[in-house]
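Trainee: This is the structure I have questions about; it appears just below.
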Amino acid sequence: GDTNLSFNKSKNVIMASSTPIFQQDEDCKCSWGEAPAEFDGDKEHLEIMGKPVMERWETPYMHKLAEIASSKKGVILELGFGLGIAATRIQEIGVKEHWIVECNDGVFNDLTTWAAKQPSKVVPIKGFWEERVPELENETFDGILYDT
């Protein structure tokens with residue numbers, strides 16, 4: 001079966017669990033967008049509907065994805081904002097434009113606050129990527145970061 005990873009902050013170790021995050025036939029999509037985004041006090045961990053979405057221990061991996069997606073330093077499309085780990089790295093690298101699709105209301109609010117402080121133009125797009133990407137013009141992006 002699938003193994004899920006989480007970071008145990010008190011033990012400073014990554015823990016593996018065979019307990020599935022989603023149960024068979026569980027569909028959270030209809031309420032995912034409006035469900036509360038639950039951040040811990042230090043914004044080390046993000047959960048929605050009791051499901052782990054992103055954790056800070058993912059930073060090296062997310063930075064590598066960001067570096068690959070933004071290697072041409074042009075217009076980047078990022079699907080999912082989460083804790084903004086990859087997005088922040090993309091902005092550090094420097095790109096022409098940075099478009100980000102995010103479906104959850106609470107995470108989108110964080111995205112818009114974050115976007116206003118960035119050096120490169122950020123275009124926040126609210127909605128599920130499956131619904132919003134077909135609305136975007138073909139051949140617009142020089143790199144795409146998908147981690148949803």
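Labels used: A, B, ... for chains in the order of the structure tokens, numbers from 1 for residues in each chain, and numbers from 1 for ligands as shown.
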What parts of region 71-118 of chain A does DSSP call strand (DSSP E or B)? I'd like the answer as a ChimeraX atom specification.
Mentor: /A:75-79,97-102
Trainee: Just write the chosen residues, C-alpha atoms, as a compact mmCIF listing (two decimals), in the first residue's frame.
Mentor:
```
# COMPACT_ATOMS: atom_id res chain seq x y z
CA VAL A 75 6.49 33.55 -17.20
CA ILE A 76 5.82 30.78 -14.68
CA LEU A 77 2.57 28.97 -13.87
CA GLU A 78 2.37 27.44 -10.41
CA LEU A 79 -0.51 25.12 -9.53
CA GLU A 97 5.67 36.97 -14.26
CA HIS A 98 4.43 34.38 -11.80
CA TRP A 99 0.86 33.09 -12.18
CA ILE A 100 -0.49 30.97 -9.30
CA VAL A 101 -3.74 28.96 -9.26
CA GLU A 102 -5.10 28.20 -5.77
```
Trainee: I'd like to know which residues of chain A are helix (DSSP H, G or I) (by DSSP, run on the backbone); could you write them as a count of residues only?
Mentor: 45
Trainee: Show me, as a PyMOL selection string, the residues that have an atom within 8 Å of His45 (chain A) when counting only C-alpha atoms, minus same-chain residues fewer than 2 positions from it.
Mentor: chain A and resi 39-40+42-43+47+52-56+83
Trainee: Quick one: residues within 12 Å of Asn109 (chain A), only C-alpha atoms, excluding same-chain residues fewer than 6 positions away - as a ChimeraX atom specification?
Mentor: /A:33-34,36-37,81-84,102-103,115-116,124-126
Trainee: Taking into account only C-alpha atoms, which residue in the set A:Ala86, A:Thr140, A:Glu130, A:Val123 is nearest to Met62 (chain A)?
Mentor: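 Looking at the shortest contact to Met62 (chain A), the residue is A:Ala86.
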Trainee: Please compute the CA of Gly106 (chain A)-CA of Arg89 (chain A) distance, one decimal, in Å.
Mentor: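 Going from CA of Gly106 (chain A) over to CA of Arg89 (chain A), I get 21.1 Å.
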Trainee: Which residues are close to Leu65 (chain A), i.e. within 10 Å by only C-alpha atoms, leaving aside same-chain residues fewer than 4 positions away? Reply as JSON, numbers by chain.
Mentor: {"A": [59, 60, 61, 69, 70, 71, 86, 89, 90, 144, 145, 146, 147]}
Trainee: For Gln91 (chain A), which residue out of A:Pro119, A:Gly127, A:Gly50, A:Gly143 is the nearest one, using only C-alpha atoms?
Mentor: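 Comparing A:Pro119, A:Gly127, A:Gly50, A:Gly143 against Gln91 (chain A), the winner is A:Pro119.
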Trainee: I'd like the interatomic distance between CA of Glu58 (chain A) and CA of Ile85 (chain A), to a tenth of an Å.
Mentor: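 For CA of Glu58 (chain A) relative to CA of Ile85 (chain A), the distance reads 8.4 Å.
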Trainee: Which polymer residues have any atom within 10 Å of an atom of Glu92 (chain A), counting only C-alpha atoms, with same-chain residues fewer than 5 positions away left out, as JSON, numbers by chain?
Mentor: {"A": [66, 67, 86, 87, 118, 119, 120]}
Trainee: What is the distance, in Å and to one decimal place, between CA of Trp114 (chain A) and CA of Lys29 (chain A)?
Mentor: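 So the answer is 24.9 Å.
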